[in-house]
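As provided, final.pdb (PDB, C-alpha atoms and all ligand atoms) reads as follows.
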```pdb
ATOM      1  CA  MET A   1      79.163  71.783 133.521
ATOM      2  CA  GLN A   2      76.506  72.374 136.183
ATOM      3  CA  ASN A   3      77.834  72.046 139.727
ATOM      4  CA  LYS A   4      75.959  69.289 141.570
ATOM      5  CA  GLY A   5      76.503  69.888 145.299
ATOM      6  CA  ASP A   6      75.603  72.917 147.372
ATOM      7  CA  LEU A   7      78.487  72.960 149.838
ATOM      8  CA  ILE A   8      80.795  75.955 149.800
ATOM      9  CA  VAL A   9      84.230  75.555 151.348
ATOM     10  CA  ILE A  10      85.947  78.678 152.703
ATOM     11  CA  LEU A  11      89.736  78.432 152.934
ATOM     12  CA  GLY A  12      91.429  81.026 155.149
ATOM     13  CA  THR A  13      94.934  82.309 154.517
ATOM     14  CA  GLY A  14      94.999  85.522 156.625
ATOM     15  CA  GLY A  15      95.272  89.101 155.350
ATOM     16  CA  THR A  16      93.670  92.329 156.502
ATOM     17  CA  ILE A  17      90.230  90.725 156.247
ATOM     18  CA  ALA A  18      91.334  88.741 159.312
ATOM     19  CA  GLY A  19      93.224  91.667 160.819
ATOM     20  CA  THR A  20      92.603  93.524 164.082
ATOM     21  CA  ALA A  21      93.566  96.923 165.508
ATOM     22  CA  ALA A  22      93.415  98.137 169.108
ATOM     23  CA  ASP A  23      91.545 101.266 167.960
ATOM     24  CA  PRO A  24      88.487 100.848 165.698
ATOM     25  CA  GLY A  25      89.315 104.214 164.083
ATOM     26  CA  ASP A  26      92.727 102.953 162.977
ATOM     27  CA  ASN A  27      92.638 101.599 159.422
ATOM     28  CA  VAL A  28      96.387 101.305 158.922
ATOM     29  CA  GLY A  29      98.021 100.509 162.290
ATOM     30  CA  TYR A  30      96.538  97.016 162.527
ATOM     31  CA  LYS A  31      97.945  93.516 162.529
ATOM     32  CA  ALA A  32      96.868  91.333 159.604
ATOM     33  CA  ALA A  33      95.930  87.644 159.975
ATOM     34  CA  GLN A  34      94.623  87.549 163.565
ATOM     35  CA  LEU A  35      91.119  86.053 163.272
ATOM     36  CA  SER A  36      90.353  82.566 162.046
ATOM     37  CA  VAL A  37      88.172  82.030 158.999
ATOM     38  CA  GLU A  38      85.679  80.385 161.385
ATOM     39  CA  GLN A  39      85.485  83.648 163.376
ATOM     40  CA  LEU A  40      85.009  85.653 160.166
ATOM     41  CA  ILE A  41      81.961  83.714 159.076
ATOM     42  CA  ALA A  42      80.510  83.486 162.603
ATOM     43  CA  SER A  43      79.874  87.228 162.495
ATOM     44  CA  LEU A  44      77.968  87.098 159.173
ATOM     45  CA  PRO A  45      74.221  86.600 159.588
ATOM     46  CA  GLY A  46      73.787  86.777 155.801
ATOM     47  CA  LEU A  47      75.328  83.317 155.517
ATOM     48  CA  ALA A  48      72.663  81.549 157.604
ATOM     49  CA  GLY A  49      71.039  78.810 155.556
ATOM     50  CA  ARG A  50      74.118  78.142 153.390
ATOM     51  CA  ARG A  51      75.979  74.839 153.704
ATOM     52  CA  LEU A  52      79.470  75.979 154.584
ATOM     53  CA  GLU A  53      82.704  74.358 155.692
ATOM     54  CA  THR A  54      85.861  76.198 156.690
ATOM     55  CA  GLU A  55      89.527  75.324 156.774
ATOM     56  CA  GLN A  56      92.459  77.465 157.883
ATOM     57  CA  VAL A  57      95.235  76.784 155.378
ATOM     58  CA  ALA A  58      97.553  79.595 156.508
ATOM     59  CA  GLN A  59      97.472  82.697 158.711
ATOM     60  CA  ILE A  60      99.762  85.273 157.129
ATOM     61  CA  ASP A  61      99.994  88.825 155.846
ATOM     62  CA  SER A  62      99.973  88.220 152.100
ATOM     63  CA  LYS A  63     103.123  90.313 151.612
ATOM     64  CA  ASP A  64     104.773  87.193 153.074
ATOM     65  CA  MET A  65     103.029  84.686 150.778
ATOM     66  CA  ASP A  66     105.564  82.071 149.704
ATOM     67  CA  PHE A  67     105.948  79.004 147.489
ATOM     68  CA  ALA A  68     105.429  76.507 150.336
ATOM     69  CA  THR A  69     102.079  78.112 151.238
ATOM     70  CA  TRP A  70     101.079  78.209 147.547
ATOM     71  CA  GLN A  71     101.864  74.524 147.287
ATOM     72  CA  GLN A  72      99.767  73.718 150.362
ATOM     73  CA  LEU A  73      96.901  75.933 149.181
ATOM     74  CA  ALA A  74      96.867  74.424 145.680
ATOM     75  CA  GLU A  75      96.814  70.887 147.096
ATOM     76  CA  LYS A  76      93.957  71.693 149.510
ATOM     77  CA  LEU A  77      92.038  73.437 146.775
ATOM     78  CA  ALA A  78      92.378  70.472 144.411
ATOM     79  CA  GLN A  79      91.193  68.088 147.153
ATOM     80  CA  HIS A  80      88.054  70.140 147.864
ATOM     81  CA  LEU A  81      87.311  70.706 144.171
ATOM     82  CA  ALA A  82      87.298  66.951 143.638
ATOM     83  CA  ARG A  83      84.512  66.439 146.216
ATOM     84  CA  PRO A  84      81.158  66.053 144.398
ATOM     85  CA  GLU A  85      79.234  67.787 147.203
ATOM     86  CA  VAL A  86      81.327  70.964 146.837
ATOM     87  CA  SER A  87      79.821  73.532 144.468
ATOM     88  CA  GLY A  88      82.357  76.291 144.974
ATOM     89  CA  ILE A  89      85.288  77.508 147.037
ATOM     90  CA  VAL A  90      86.052  80.868 148.618
ATOM     91  CA  ILE A  91      89.587  81.827 149.634
ATOM     92  CA  THR A  92      90.188  84.685 152.064
ATOM     93  CA  HIS A  93      93.538  86.367 151.369
ATOM     94  CA  GLY A  94      95.458  89.590 151.841
ATOM     95  CA  THR A  95      95.093  92.194 149.101
ATOM     96  CA  ASP A  96      98.822  92.746 148.506
ATOM     97  CA  THR A  97      99.581  89.579 146.545
ATOM     98  CA  LEU A  98      96.034  88.400 145.849
ATOM     99  CA  GLU A  99      96.404  88.783 142.080
ATOM    100  CA  GLU A 100      99.501  86.566 142.109
ATOM    101  CA  THR A 101      97.808  83.763 144.051
ATOM    102  CA  ALA A 102      94.744  84.051 141.793
ATOM    103  CA  TYR A 103      96.831  83.714 138.619
ATOM    104  CA  PHE A 104      98.958  80.896 140.045
ATOM    105  CA  LEU A 105      95.896  78.823 141.024
ATOM    106  CA  GLN A 106      94.140  79.522 137.735
ATOM    107  CA  ARG A 107      97.086  78.363 135.614
ATOM    108  CA  LEU A 108      97.717  75.343 137.769
ATOM    109  CA  LEU A 109      94.138  74.074 138.197
ATOM    110  CA  ASN A 110      91.855  75.913 135.720
ATOM    111  CA  PRO A 111      88.988  74.756 137.968
ATOM    112  CA  VAL A 112      85.643  73.658 136.530
ATOM    113  CA  LYS A 113      83.914  75.044 139.650
ATOM    114  CA  PRO A 114      84.057  78.640 140.907
ATOM    115  CA  VAL A 115      87.029  79.502 143.118
ATOM    116  CA  VAL A 116      86.472  83.008 144.447
ATOM    117  CA  ILE A 117      89.222  84.910 146.230
ATOM    118  CA  THR A 118      88.310  87.828 148.426
ATOM    119  CA  ALA A 119      90.004  90.155 150.887
ATOM    120  CA  ALA A 120      89.582  93.516 152.604
ATOM    121  CA  MET A 121      91.316  96.872 152.747
ATOM    122  CA  ARG A 122      90.272  97.506 156.332
ATOM    123  CA  PRO A 123      90.711  95.248 159.348
ATOM    124  CA  ALA A 124      87.804  93.357 160.900
ATOM    125  CA  THR A 125      87.802  95.778 163.864
ATOM    126  CA  SER A 126      87.415  98.896 161.683
ATOM    127  CA  LEU A 127      84.438 101.245 162.087
ATOM    128  CA  GLN A 128      83.697 100.552 158.432
ATOM    129  CA  SER A 129      85.175  97.194 157.644
ATOM    130  CA  ASP A 130      84.765  96.049 154.039
ATOM    131  CA  GLY A 131      85.579  92.406 154.787
ATOM    132  CA  PRO A 132      82.098  91.156 155.775
ATOM    133  CA  GLN A 133      80.427  92.440 152.586
ATOM    134  CA  ASN A 134      83.281  91.174 150.402
ATOM    135  CA  LEU A 135      82.980  87.741 152.011
ATOM    136  CA  LEU A 136      79.205  87.667 151.506
ATOM    137  CA  ASP A 137      79.686  88.660 147.848
ATOM    138  CA  ALA A 138      82.352  85.988 147.343
ATOM    139  CA  VAL A 139      80.020  83.313 148.718
ATOM    140  CA  ALA A 140      77.248  84.547 146.386
ATOM    141  CA  VAL A 141      79.604  84.146 143.406
ATOM    142  CA  ALA A 142      80.883  80.754 144.593
ATOM    143  CA  ALA A 143      77.279  79.551 144.802
ATOM    144  CA  GLN A 144      76.666  80.245 141.107
ATOM    145  CA  ALA A 145      76.117  77.137 139.030
ATOM    146  CA  HIS A 146      77.791  77.109 135.573
ATOM    147  CA  VAL A 147      80.661  79.307 136.778
ATOM    148  CA  ALA A 148      84.227  78.086 136.441
ATOM    149  CA  GLY A 149      87.722  79.357 137.055
ATOM    150  CA  VAL A 150      89.496  81.492 139.626
ATOM    151  CA  LEU A 151      87.704  84.790 140.186
ATOM    152  CA  VAL A 152      88.124  87.707 142.546
ATOM    153  CA  ALA A 153      85.122  89.275 144.292
ATOM    154  CA  PHE A 154      85.989  92.654 145.724
ATOM    155  CA  ALA A 155      84.085  95.892 146.434
ATOM    156  CA  GLY A 156      81.032  94.650 144.545
ATOM    157  CA  ALA A 157      82.933  93.706 141.373
ATOM    158  CA  ILE A 158      83.942  90.346 139.916
ATOM    159  CA  HIS A 159      87.317  90.065 138.177
ATOM    160  CA  SER A 160      89.108  87.217 136.432
ATOM    161  CA  ALA A 161      92.432  85.946 137.760
ATOM    162  CA  GLU A 162      94.055  86.901 134.458
ATOM    163  CA  GLN A 163      92.956  90.549 134.418
ATOM    164  CA  VAL A 164      92.774  91.577 138.067
ATOM    165  CA  ARG A 165      95.276  94.014 139.567
ATOM    166  CA  LYS A 166      95.509  95.909 142.810
ATOM    167  CA  VAL A 167      95.400  99.530 141.662
ATOM    168  CA  HIS A 168      95.079 101.521 144.870
ATOM    169  CA  SER A 169      97.004 101.358 148.132
ATOM    170  CA  TYR A 170      94.241 102.694 150.401
ATOM    171  CA  ARG A 171      90.815 103.043 148.762
ATOM    172  CA  LEU A 172      88.182 100.388 149.453
ATOM    173  CA  ASP A 173      87.713  99.941 145.703
ATOM    174  CA  ALA A 174      91.310  98.794 145.353
ATOM    175  CA  PHE A 175      91.105  96.336 142.443
ATOM    176  CA  ALA A 176      90.451  96.735 138.742
ATOM    177  CA  SER A 177      90.455  94.561 135.662
ATOM    178  CA  ALA A 178      92.797  95.666 132.896
ATOM    179  CA  GLU A 179      91.037  97.725 130.211
ATOM    180  CA  GLY A 180      87.742  97.694 132.137
ATOM    181  CA  SER A 181      87.293  93.982 131.579
ATOM    182  CA  ARG A 182      85.588  93.128 134.890
ATOM    183  CA  LEU A 183      83.235  90.175 134.539
ATOM    184  CA  GLY A 184      80.327  91.248 136.680
ATOM    185  CA  VAL A 185      79.003  92.835 139.830
ATOM    186  CA  VAL A 186      77.340  91.636 143.039
ATOM    187  CA  GLU A 187      74.436  93.758 144.232
ATOM    188  CA  GLU A 188      72.596  92.792 147.437
ATOM    189  CA  GLY A 189      73.659  89.188 146.974
ATOM    190  CA  ILE A 190      72.529  89.093 143.337
ATOM    191  CA  VAL A 191      75.251  88.363 140.792
ATOM    192  CA  ARG A 192      74.955  90.249 137.515
ATOM    193  CA  TRP A 193      77.345  89.146 134.767
ATOM    194  CA  LEU A 194      78.565  91.854 132.409
ATOM    195  CA  ALA A 195      81.052  90.002 130.238
ATOM    196  CA  ARG A 196      81.988  86.502 129.195
ATOM    197  CA  ARG A 197      85.313  85.186 130.363
ATOM    198  CA  PRO A 198      87.530  84.114 127.445
ATOM    199  CA  SER A 199      88.278  80.380 127.564
ATOM    200  CA  ALA A 200      91.386  79.673 129.604
ATOM    201  CA  PRO A 201      94.388  77.504 128.694
ATOM    202  CA  ALA A 202      94.332  73.934 130.051
ATOM    203  CA  ALA A 203      95.375  73.375 133.660
ATOM    204  CA  LEU A 204      99.077  72.647 134.090
ATOM    205  CA  GLY A 205      98.216  70.244 136.905
ATOM    206  CA  LEU A 206      99.385  69.735 140.474
ATOM    207  CA  ALA A 207     102.241  67.455 139.396
ATOM    208  CA  ARG A 208     103.917  70.607 138.014
ATOM    209  CA  ILE A 209     104.601  71.840 141.562
ATOM    210  CA  SER A 210     105.471  68.524 143.214
ATOM    211  CA  ARG A 211     109.101  69.334 143.925
ATOM    212  CA  PRO A 212     109.845  70.862 147.380
ATOM    213  CA  ALA A 213     109.179  74.604 147.417
ATOM    214  CA  ALA A 214     112.799  75.310 148.372
ATOM    215  CA  GLN A 215     113.842  73.810 145.008
ATOM    216  CA  TRP A 216     111.542  75.906 142.814
ATOM    217  CA  PRO A 217     113.328  77.977 140.192
ATOM    218  CA  ARG A 218     114.488  81.458 141.130
ATOM    219  CA  VAL A 219     112.740  84.009 138.914
ATOM    220  CA  GLN A 220     113.335  87.707 139.548
ATOM    221  CA  ILE A 221     111.833  90.930 138.178
ATOM    222  CA  VAL A 222     113.974  93.859 137.052
ATOM    223  CA  MET A 223     112.575  97.205 135.933
ATOM    224  CA  ASN A 224     113.460  99.553 133.125
ATOM    225  CA  HIS A 225     113.620 103.235 134.073
ATOM    226  CA  VAL A 226     115.618 106.324 133.231
ATOM    227  CA  GLY A 227     119.286 105.443 133.542
ATOM    228  CA  ALA A 228     118.688 101.678 133.955
ATOM    229  CA  ASP A 229     121.937  99.745 133.614
ATOM    230  CA  GLY A 230     122.907  96.089 133.812
ATOM    231  CA  ALA A 231     124.095  96.081 137.441
ATOM    232  CA  VAL A 232     121.063  94.319 138.945
ATOM    233  CA  VAL A 233     121.082  91.611 136.259
ATOM    234  CA  GLU A 234     124.828  91.084 136.701
ATOM    235  CA  ALA A 235     124.403  90.783 140.486
ATOM    236  CA  LEU A 236     121.597  88.247 140.007
ATOM    237  CA  LEU A 237     123.682  86.242 137.543
ATOM    238  CA  ALA A 238     126.525  86.166 140.037
ATOM    239  CA  GLN A 239     124.147  84.859 142.740
ATOM    240  CA  GLY A 240     122.425  82.366 140.477
ATOM    241  CA  VAL A 241     119.058  82.944 138.823
ATOM    242  CA  ASP A 242     116.919  80.747 136.556
ATOM    243  CA  GLY A 243     114.577  83.293 135.034
ATOM    244  CA  LEU A 244     114.291  87.057 134.620
ATOM    245  CA  VAL A 245     111.234  89.147 133.846
ATOM    246  CA  VAL A 246     111.899  92.692 132.770
ATOM    247  CA  ALA A 247     109.171  95.226 133.492
ATOM    248  CA  GLY A 248     109.934  97.278 130.430
ATOM    249  CA  THR A 249     108.710 100.739 129.552
ATOM    250  CA  GLY A 250     105.884 101.158 127.020
ATOM    251  CA  ASN A 251     105.876  98.297 124.528
ATOM    252  CA  GLY A 252     108.432  96.390 126.611
ATOM    253  CA  SER A 253     111.305  98.698 125.690
ATOM    254  CA  VAL A 254     114.521  98.385 127.693
ATOM    255  CA  ALA A 255     117.465 100.802 128.028
ATOM    256  CA  SER A 256     120.461  99.641 125.985
ATOM    257  CA  PRO A 257     122.786  98.709 128.906
ATOM    258  CA  LEU A 258     120.011  96.750 130.650
ATOM    259  CA  GLU A 259     119.071  95.048 127.388
ATOM    260  CA  ALA A 260     122.703  94.039 126.813
ATOM    261  CA  ALA A 261     122.841  92.463 130.289
ATOM    262  CA  LEU A 262     119.533  90.642 129.702
ATOM    263  CA  ARG A 263     120.752  89.305 126.346
ATOM    264  CA  GLN A 264     123.923  88.087 127.991
ATOM    265  CA  ALA A 265     121.852  86.332 130.669
ATOM    266  CA  HIS A 266     119.698  84.787 127.936
ATOM    267  CA  GLU A 267     122.794  83.517 126.123
ATOM    268  CA  GLN A 268     123.965  81.940 129.383
ATOM    269  CA  GLY A 269     120.718  79.936 129.582
ATOM    270  CA  VAL A 270     118.603  82.174 131.822
ATOM    271  CA  ALA A 271     114.988  82.345 130.620
ATOM    272  CA  VAL A 272     113.959  85.959 129.962
ATOM    273  CA  LEU A 273     110.503  87.473 129.426
ATOM    274  CA  ARG A 274     109.804  91.062 128.429
ATOM    275  CA  SER A 275     106.684  92.642 129.975
ATOM    276  CA  THR A 276     105.539  96.226 130.422
ATOM    277  CA  ARG A 277     105.303  98.393 133.519
ATOM    278  CA  CYS A 278     102.230 100.045 131.919
ATOM    279  CA  ASP A 279      98.943  99.292 133.668
ATOM    280  CA  ALA A 280      97.512  97.541 130.611
ATOM    281  CA  GLY A 281      98.236  96.492 127.054
ATOM    282  CA  PRO A 282     100.380  93.828 125.414
ATOM    283  CA  VAL A 283     104.055  93.763 124.552
ATOM    284  CA  SER A 284     104.131  93.093 120.820
ATOM    285  CA  ALA A 285     106.560  90.392 119.823
ATOM    286  CA  ALA A 286     109.346  91.491 117.481
ATOM    287  CA  ALA A 287     111.703  89.204 115.548
ATOM    288  CA  ASP A 288     114.945  90.447 117.114
ATOM    289  CA  ALA A 289     113.591  91.312 120.578
ATOM    290  CA  LEU A 290     113.719  89.311 123.796
ATOM    291  CA  PRO A 291     110.622  87.036 124.215
ATOM    292  CA  SER A 292     107.364  88.848 125.020
ATOM    293  CA  ALA A 293     105.116  88.144 128.022
ATOM    294  CA  GLY A 294     102.085  89.207 125.984
ATOM    295  CA  SER A 295      99.679  91.194 128.114
ATOM    296  CA  LEU A 296     100.714  89.661 131.434
ATOM    297  CA  SER A 297     101.727  92.122 134.133
ATOM    298  CA  PRO A 298     105.311  91.688 135.389
ATOM    299  CA  VAL A 299     104.218  89.736 138.492
ATOM    300  CA  LYS A 300     102.003  87.407 136.449
ATOM    301  CA  ALA A 301     104.728  86.990 133.808
ATOM    302  CA  ARG A 302     106.996  85.889 136.650
ATOM    303  CA  ILE A 303     104.487  83.196 137.649
ATOM    304  CA  GLU A 304     104.153  82.065 134.023
ATOM    305  CA  LEU A 305     107.925  81.759 133.739
ATOM    306  CA  LEU A 306     108.156  79.980 137.094
ATOM    307  CA  LEU A 307     105.533  77.421 136.027
ATOM    308  CA  THR A 308     107.257  76.952 132.668
ATOM    309  CA  LEU A 309     110.623  76.346 134.341
ATOM    310  CA  LEU A 310     109.033  73.914 136.810
ATOM    311  CA  ALA A 311     108.263  71.656 133.844
ATOM    312  CA  ASP A 312     112.002  71.037 133.271
TER     313      ASP A 312
HETATM  314  N1  LIG B 401      99.254  93.505 153.937
HETATM  315  C1  LIG B 401      97.890  92.992 153.887
HETATM  316  C2  LIG B 401      97.930  91.644 153.185
HETATM  317  O1  LIG B 401      98.147  91.622 151.994
HETATM  318  C3  LIG B 401      97.044  93.953 153.149
HETATM  319  C4  LIG B 401      95.614  93.550 152.947
HETATM  320  O2  LIG B 401      95.202  92.425 153.125
HETATM  321  O3  LIG B 401      94.862  94.469 152.543
HETATM  322  O4  LIG B 401      97.770  90.626 153.823
END
```

Could you render the structure from this file as structure tokens?
Amino acid sequence: MQNKGDLIVILGTGGTIAGTAADPGDNVGYKAAQLSVEQLIASLPGLAGRRLETEQVAQIDSKDMDFATWQQLAEKLAQHLARPEVSGIVITHGTDTLEETAYFLQRLLNPVKPVVITAAMRPATSLQSDGPQNLLDAVAVAAQAHVAGVLVAFAGAIHSAEQVRKVHSYRLDAFASAEGSRLGVVEEGIVRWLARRPSAPAALGLARISRPAAQWPRVQIVMNHVGADGAVVEALLAQGVDGLVVAGTGNGSVASPLEAALRQAHEQGVAVLRSTRCDAGPVSAAADALPSAGSLSPVKARIELLLTLLAD
């Protein structure tokens, strides 16, 4: 489908891209989520001539992203996507949980227009802030006709919501697509596509998340490691938990005591998914093993399980 309008809506949620520090040389001692999305675009001459609209949906450090904000963001996004004059949407976000928000929005809405999430590793006050260029690149991608789905534009690369992961805690080039599957690059405002995005499953729809955020299922992640036992699972069962994702080793393998606790949880009605703590690759399903999360990372498997449980 060719997008008809030429309006790009930029939704702000906070993050380092909107962060400030007292000292321009300080790239770590800053406060995230200080500048409005309006202020971010005001300082970008490269956007002159574009039809833009901004809306501040949240103003948070993305380490604190929560279900209520996701719900609000998804609703806003759906409203703007439905406007015929809107050709694409950009979301400014923190880098820490960007891949989770991207996957959540993709599964929920599978948009027919481009929704491009961007962020920054350095605050807006930095001597060498990466936010302005990332924002310009995100707008260039959002302006592309024929593009659909939730994408991430970061450090000159374009990633899909399904494959993107934060892979570095400090470097400007902090994101990668699993197994080198990035979709394209942005060079001086020109978008160059390198790969075709596989077709995505149908949108689950906004109705899936209509219940109050405080009533969403509780899904937790536990990790396999040397000496892993069942204590964390038992503690979660005692507290009450609806779903468990295990970040297994290798092909989703789990130490025997942890596996026994997970099987017990499963028998008690807790949904369990087995993923891998490896950076890439699937967990092959096996007849007698706990259900596989396929090639979803543990955090994305958690979202998948959460959205599945929300259907009940
Ligand atoms: N803690 C920040 C956030 O995720 C980090 C960043 O944006 O780079 O909001």

If we count all atoms listed in the file, what is near segment 115-121 of chain A at a cut-off of 8 Å, once residues fewer than 2 positions away on the same chain are taken out, given as a VMD selection string? chain A and resid 15 to 17 88 to 95 98 102 111 113 123 129 to 131 134 to 135 138 to 139 141 to 142 148 to 154 170 to 172 174

Please produce an output containing C-alpha atoms for each residue in the selection, written as a tab-separated table (two decimals), in the coordinates of the input.
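selection_6.tsv was written with the following content:
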```tsv
chain	number	residue	atom	x	y	z
A	15	GLY	CA	95.27	89.10	155.35
A	16	THR	CA	93.67	92.33	156.50
A	17	ILE	CA	90.23	90.72	156.25
A	88	GLY	CA	82.36	76.29	144.97
A	89	ILE	CA	85.29	77.51	147.04
A	90	VAL	CA	86.05	80.87	148.62
A	91	ILE	CA	89.59	81.83	149.63
A	92	THR	CA	90.19	84.68	152.06
A	93	HIS	CA	93.54	86.37	151.37
A	94	GLY	CA	95.46	89.59	151.84
A	95	THR	CA	95.09	92.19	149.10
A	98	LEU	CA	96.03	88.40	145.85
A	102	ALA	CA	94.74	84.05	141.79
A	111	PRO	CA	88.99	74.76	137.97
A	113	LYS	CA	83.91	75.04	139.65
A	123	PRO	CA	90.71	95.25	159.35
A	129	SER	CA	85.18	97.19	157.64
A	130	ASP	CA	84.76	96.05	154.04
A	131	GLY	CA	85.58	92.41	154.79
A	134	ASN	CA	83.28	91.17	150.40
A	135	LEU	CA	82.98	87.74	152.01
A	138	ALA	CA	82.35	85.99	147.34
A	139	VAL	CA	80.02	83.31	148.72
A	141	VAL	CA	79.60	84.15	143.41
A	142	ALA	CA	80.88	80.75	144.59
A	148	ALA	CA	84.23	78.09	136.44
A	149	GLY	CA	87.72	79.36	137.06
A	150	VAL	CA	89.50	81.49	139.63
A	151	LEU	CA	87.70	84.79	140.19
A	152	VAL	CA	88.12	87.71	142.55
A	153	ALA	CA	85.12	89.28	144.29
A	154	PHE	CA	85.99	92.65	145.72
A	170	TYR	CA	94.24	102.69	150.40
A	171	ARG	CA	90.82	103.04	148.76
A	172	LEU	CA	88.18	100.39	149.45
A	174	ALA	CA	91.31	98.79	145.35
```

Starting from the point (72.4, 89.5, 153.8), work out which residues of protein, DNA or RNA have an atom no more than 12 Å away when counting all atoms listed in the file; state them as a ChimeraX atom specification. /A:43-50,132-137,139-140,187-190

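Checking A:Asp64, A:Asp173, A:Glu304, A:Glu55 one by one against ligand LIG 401 (chain B), counting all atoms listed in the file, you find the shortest gap at A:Asp64.
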
A:Gln239, A:Gln34, A:Ser160, A:Gln264 ranked by distance to Arg107 of chain A, top pick (using all atoms listed in the file): A:Ser160

Please measure the separation of atom CA of Phe104 of chain A and atom CA of Val167 of chain A, giving the value in Å to one decimal. 19.0 Å

Might I get the box with edges along x, y and z of the file that holds all atoms of segment 119-129 of chain A listed there, padded by 5 Å on every side, given as centre and edge lengths in Å to one decimal, as lines of an AutoDock Vina configuration file?
```
center_x = 87.5
center_y = 95.7
center_z = 157.4
size_x = 17.6
size_y = 21.1
size_z = 23.0
```

Just say which residues the PyMOL selection byres (((chain A and resi 184) around 12) and not hetatm) picks in this file, as JSON, numbers by chain. {"A": [137, 141, 147, 151, 152, 153, 154, 155, 156, 157, 158, 159, 160, 176, 177, 180, 181, 182, 183, 185, 186, 187, 190, 191, 192, 193, 194, 195, 196, 197]}

Can you spit out the residues from that selection as a PDB file, in the coordinates of the input, using C-alpha atoms?
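Output saved as part22.pdb:
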```
ATOM      1  CA  ASP A 137      79.686  88.660 147.848  1.00  0.00           C
ATOM      2  CA  VAL A 141      79.604  84.146 143.406  1.00  0.00           C
ATOM      3  CA  VAL A 147      80.661  79.307 136.778  1.00  0.00           C
ATOM      4  CA  LEU A 151      87.704  84.790 140.186  1.00  0.00           C
ATOM      5  CA  VAL A 152      88.124  87.707 142.546  1.00  0.00           C
ATOM      6  CA  ALA A 153      85.122  89.275 144.292  1.00  0.00           C
ATOM      7  CA  PHE A 154      85.989  92.654 145.724  1.00  0.00           C
ATOM      8  CA  ALA A 155      84.085  95.892 146.434  1.00  0.00           C
ATOM      9  CA  GLY A 156      81.032  94.650 144.545  1.00  0.00           C
ATOM     10  CA  ALA A 157      82.933  93.706 141.373  1.00  0.00           C
ATOM     11  CA  ILE A 158      83.942  90.346 139.916  1.00  0.00           C
ATOM     12  CA  HIS A 159      87.317  90.065 138.177  1.00  0.00           C
ATOM     13  CA  SER A 160      89.108  87.217 136.432  1.00  0.00           C
ATOM     14  CA  ALA A 176      90.451  96.735 138.742  1.00  0.00           C
ATOM     15  CA  SER A 177      90.455  94.561 135.662  1.00  0.00           C
ATOM     16  CA  GLY A 180      87.742  97.694 132.137  1.00  0.00           C
ATOM     17  CA  SER A 181      87.293  93.982 131.579  1.00  0.00           C
ATOM     18  CA  ARG A 182      85.588  93.128 134.890  1.00  0.00           C
ATOM     19  CA  LEU A 183      83.235  90.175 134.539  1.00  0.00           C
ATOM     20  CA  VAL A 185      79.003  92.835 139.830  1.00  0.00           C
ATOM     21  CA  VAL A 186      77.340  91.636 143.039  1.00  0.00           C
ATOM     22  CA  GLU A 187      74.436  93.758 144.232  1.00  0.00           C
ATOM     23  CA  ILE A 190      72.529  89.093 143.337  1.00  0.00           C
ATOM     24  CA  VAL A 191      75.251  88.363 140.792  1.00  0.00           C
ATOM     25  CA  ARG A 192      74.955  90.249 137.515  1.00  0.00           C
ATOM     26  CA  TRP A 193      77.345  89.146 134.767  1.00  0.00           C
ATOM     27  CA  LEU A 194      78.565  91.854 132.409  1.00  0.00           C
ATOM     28  CA  ALA A 195      81.052  90.002 130.238  1.00  0.00           C
ATOM     29  CA  ARG A 196      81.988  86.502 129.195  1.00  0.00           C
ATOM     30  CA  ARG A 197      85.313  85.186 130.363  1.00  0.00           C
TER      31      ARG A 197
END
```

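Atom CA of Leu307 of chain A is positioned 14.4 Å from atom CA of Asp66 of chain A.
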
As an exercise, work out the distance from atom CA of Asp312 of chain A to atom CA of Asn251 of chain A in Å and give it to one decimal place. 29.3 Å

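Each of A:Gly243, A:Ser36, A:Arg211, A:Ile303 was checked against Thr20 of chain A using only C-alpha atoms; the smallest atom-to-atom distance is that of A:Ser36.
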
Since I can't run it myself right now, could you work out what the PyMOL selection byres (((chain A and resi 81) around 10) and not hetatm) selects here and report it as a PDB file with C-alpha atoms, in the coordinates of the input?
```
ATOM      1  CA  VAL A   9      84.230  75.555 151.348  1.00  0.00           C
ATOM      2  CA  GLU A  75      96.814  70.887 147.096  1.00  0.00           C
ATOM      3  CA  LYS A  76      93.957  71.693 149.510  1.00  0.00           C
ATOM      4  CA  LEU A  77      92.038  73.437 146.775  1.00  0.00           C
ATOM      5  CA  ALA A  78      92.378  70.472 144.411  1.00  0.00           C
ATOM      6  CA  GLN A  79      91.193  68.088 147.153  1.00  0.00           C
ATOM      7  CA  HIS A  80      88.054  70.140 147.864  1.00  0.00           C
ATOM      8  CA  ALA A  82      87.298  66.951 143.638  1.00  0.00           C
ATOM      9  CA  ARG A  83      84.512  66.439 146.216  1.00  0.00           C
ATOM     10  CA  PRO A  84      81.158  66.053 144.398  1.00  0.00           C
ATOM     11  CA  GLU A  85      79.234  67.787 147.203  1.00  0.00           C
ATOM     12  CA  VAL A  86      81.327  70.964 146.837  1.00  0.00           C
ATOM     13  CA  SER A  87      79.821  73.532 144.468  1.00  0.00           C
ATOM     14  CA  GLY A  88      82.357  76.291 144.974  1.00  0.00           C
ATOM     15  CA  ILE A  89      85.288  77.508 147.037  1.00  0.00           C
ATOM     16  CA  LEU A 109      94.138  74.074 138.197  1.00  0.00           C
ATOM     17  CA  PRO A 111      88.988  74.756 137.968  1.00  0.00           C
ATOM     18  CA  VAL A 112      85.643  73.658 136.530  1.00  0.00           C
ATOM     19  CA  LYS A 113      83.914  75.044 139.650  1.00  0.00           C
ATOM     20  CA  PRO A 114      84.057  78.640 140.907  1.00  0.00           C
ATOM     21  CA  VAL A 115      87.029  79.502 143.118  1.00  0.00           C
TER      22      VAL A 115
END
```
